[in-house]
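Following: one structure in structure tokens, then a few remarks.
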Amino acid sequence: MLATAGVLAVMGATVPLAAQAALTPKAHTLTVVPDGSGQRAATAYLAGTDGWNPVAASHGTGSTVPAGTATGDTRHVTEPALPTTVCAAVPAARTMPARATDQGSETTAPDTIRIQHALDTCAQTGQQTVAVRLQATDSGHNAFLTGPLAVHQGEVLLLDSGVTLYGSRNPADYQVSGKPRCGTLASSGGGCKPLISVAGANAGIEAVRAADGSQGRIDGRGDQTVLGTTTSWWQLATDAQKAGSTQNNPRLIQADDSDNFTLYHVDLLNSPNFHVVYNGGNGFTAWGVRIKTPATARNTDGIDPAGATNVTITDSSIMDGDDGIAIKGGNRSSSNITVTNNHFYGTHGISIGSETTSGVTNVLFRDNTLTGTDALGNTSGSSTGIRIKSSPANGGRVTRVTYLNTCLDAVRAPLVFDTHYSGGSGPNTPWFTGITVDGVTATHSPGGAKSILVGLDRTRPLELTLQHVNLDVTTATAANARITAGNTNLHPSGPDVTLTTTKSPGTAPTCTFPAFPAL
């Protein structure tokens, strides 16, 4: 054993059986597997301690993926298992019952050095995965306060249930050299490092889920005052919108070119900016992630895969002030992505875009629910259900995208396919083809609810199939679209819109909308 800087390191040791039992997740049964027919099917999810069950009543007829539509992630995805080898254990030395501490500790985050020392010591070079475990010392000492951390190849930052990792409020901790000052408004962004950066294959950020459903959490404290100022990170984002400028706020987690990255059973709260960005890797699984940030916190996207391939996001609850999911294909294309069995609260929708210059293809959304208000009662400023957005400023080809069994409640824009997002102009060509929406039910839509189905022009129209769609408000703006419709009460019309009706036996899904789980 080696004791260094408050870290109990047990290099290569195997966790005792009793501890392994605490780390072992309960088995769920959602598995995306080929069914032998060229299609893909998902077995049923059995509700566990979180009471999760996306559509408790009957599904629409999109319960299997028709041949020729999106299949999503090409991997055989099953529930992750926590690592059984703990390379280093870091004990908590703080109590932060009010999510804040003394001025000295706020100025110089006291746990950065010892957590980073453990991460640097435990980096792997082969295929092995080990844990750097953050653990409570006792019922009171269960908090860590840190500046930016770097997670390396082959290691999992593992949080015990009941442990909270708090992000520093000192903008100097996040400063990127040569960029605008972190914690200020500027004409451009990029001034802040993420709280947690991930690079290298087979890494993860995971937590232990206790029998009562509680799990470890990371709190970015975006609601609290930025040190040395009188404003919060979130207020800074609001001020930027009013001033027509850009806020320099840190993201919570960013993984760059990290193949086989895993987020598992972790709570992510109050990010100053985007919660999770997965940029440029092959193989990302987010399972049992709970994101809780108010709908009023601007630019706090939930999970954004960008230039990514083979991604599965499942069994998660996501509440934030921007897109719940935003799949991007800017500098690199994105492909083979599955978003299934999730709940969204107060977000701007399950989205693709707006950056699609390099293309997005083979994306499967399945069995997701979205509500237009968050768990705190805030109404989303841009409540949206299904959304693909881009413009000539940053557009490209988006093709082979399938939405199956989507449930919407109190959403202002049920379906949005927008090739003129934010009025952007430029030389690029946003073109959405092979889009299938099979099974949508919308309830309690607010006054003024409207769908948007607009292709770029008559030579690059939106190509969309609508089946088993039942919206309580069917108002829509449509243009430059070729739409095939079967068993739907949405019949868009407009300039250069062709609507072809077909027979499509079956019904739209019957939906229930669970409350955000207790944290």
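FYI, nothing fancy with the structure tokens labels: chains A, B, ... in order, residues from 1 per chain, ligands from 1 as they appear.
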Dump as a tab-separated table the rows for residues of segment 156-189 of chain A within 8 Å of segment 124-136 of chain A: closest atom pair and distance in Å with one decimal, only C-alpha atoms counted, ordered by chain and rising residue number.
residue	atom	partner	partner_atom	distance
A:Val156	CA	A:Ala131	CA	4.7
A:Leu157	CA	A:Val132	CA	5.1
A:Leu158	CA	A:Arg133	CA	4.7
A:Leu159	CA	A:Leu134	CA	4.9
A:Asp160	CA	A:Gln135	CA	5.3
A:Gly162	CA	A:Ala136	CA	7.4
A:Val163	CA	A:Ala136	CA	6.1
**OP:** Within 10 Å of segment 223-239 of chain A, counting only C-alpha atoms, which residues show up once you throw out same-chain ones fewer than 2 positions away? Write them as a PyMOL selection string, please.
**Re:** chain A and resi 99-100+103+106-107+168-172+183-185+220-221+241-250+270-273+293-294+296-300+321
Selection file, C-alpha atoms, as a PDB file, in the first residue's frame:
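Saved file again_37.pdb follows:
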ATOM      1  CA  ARG A  99     -22.945  23.485  -1.660  1.00  0.00           C
ATOM      2  CA  ALA A 100     -20.364  26.100  -0.647  1.00  0.00           C
ATOM      3  CA  GLN A 103     -13.411  31.587   0.999  1.00  0.00           C
ATOM      4  CA  GLU A 106     -13.290  28.484  -2.873  1.00  0.00           C
ATOM      5  CA  THR A 107     -10.284  30.459  -4.096  1.00  0.00           C
ATOM      6  CA  SER A 168     -14.690  25.338  -8.623  1.00  0.00           C
ATOM      7  CA  ARG A 169     -16.301  28.777  -8.884  1.00  0.00           C
ATOM      8  CA  ASN A 170     -12.928  30.404  -9.589  1.00  0.00           C
ATOM      9  CA  PRO A 171     -12.776  31.214 -13.321  1.00  0.00           C
ATOM     10  CA  ALA A 172      -8.978  31.375 -13.203  1.00  0.00           C
ATOM     11  CA  GLY A 183     -16.065  34.020 -16.690  1.00  0.00           C
ATOM     12  CA  THR A 184     -16.558  37.018 -18.982  1.00  0.00           C
ATOM     13  CA  LEU A 185     -18.488  38.015 -22.102  1.00  0.00           C
ATOM     14  CA  GLY A 220     -21.023  22.322 -11.602  1.00  0.00           C
ATOM     15  CA  ARG A 221     -22.682  25.000  -9.405  1.00  0.00           C
ATOM     16  CA  GLN A 241     -27.839  36.604 -25.168  1.00  0.00           C
ATOM     17  CA  LYS A 242     -29.042  40.107 -24.352  1.00  0.00           C
ATOM     18  CA  ALA A 243     -25.736  41.671 -25.409  1.00  0.00           C
ATOM     19  CA  GLY A 244     -25.322  39.631 -28.602  1.00  0.00           C
ATOM     20  CA  SER A 245     -22.009  38.272 -27.331  1.00  0.00           C
ATOM     21  CA  THR A 246     -20.610  34.946 -26.097  1.00  0.00           C
ATOM     22  CA  GLN A 247     -20.275  33.758 -22.531  1.00  0.00           C
ATOM     23  CA  ASN A 248     -17.054  31.997 -21.569  1.00  0.00           C
ATOM     24  CA  ASN A 249     -18.341  29.259 -19.282  1.00  0.00           C
ATOM     25  CA  PRO A 250     -16.865  25.813 -18.589  1.00  0.00           C
ATOM     26  CA  ASN A 270     -26.085  22.533 -12.538  1.00  0.00           C
ATOM     27  CA  SER A 271     -23.535  22.674 -15.320  1.00  0.00           C
ATOM     28  CA  PRO A 272     -22.361  26.200 -16.215  1.00  0.00           C
ATOM     29  CA  ASN A 273     -22.581  25.210 -19.894  1.00  0.00           C
ATOM     30  CA  THR A 293     -30.436  21.625 -14.436  1.00  0.00           C
ATOM     31  CA  PRO A 294     -33.353  24.086 -14.727  1.00  0.00           C
ATOM     32  CA  THR A 296     -34.139  28.449 -17.477  1.00  0.00           C
ATOM     33  CA  ALA A 297     -30.350  27.863 -17.562  1.00  0.00           C
ATOM     34  CA  ARG A 298     -29.306  28.908 -21.067  1.00  0.00           C
ATOM     35  CA  ASN A 299     -26.944  26.774 -23.213  1.00  0.00           C
ATOM     36  CA  THR A 300     -26.839  23.831 -20.843  1.00  0.00           C
ATOM     37  CA  GLY A 321     -32.052  24.575 -20.498  1.00  0.00           C
TER      38      GLY A 321
END
Original post:
What is the atom CA of Asp496 of chain A-atom CA of Pro461 of chain A distance in Å, reported with one decimal?
Top reply: 8.5 Å
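The environment of Ser197 of chain A within 7 Å, counting only C-alpha atoms and disregarding residues fewer than 3 places along the same chain, consists of Leu149, Ala150, Val151, Pro194, Ile253, Gln254 and Ala255 of chain A.
With distances restricted to only C-alpha atoms, A:Asp409 is the closest residue to Thr347 of chain A from A:Asp409, A:Asp367, A:Asp212, A:Glu206.
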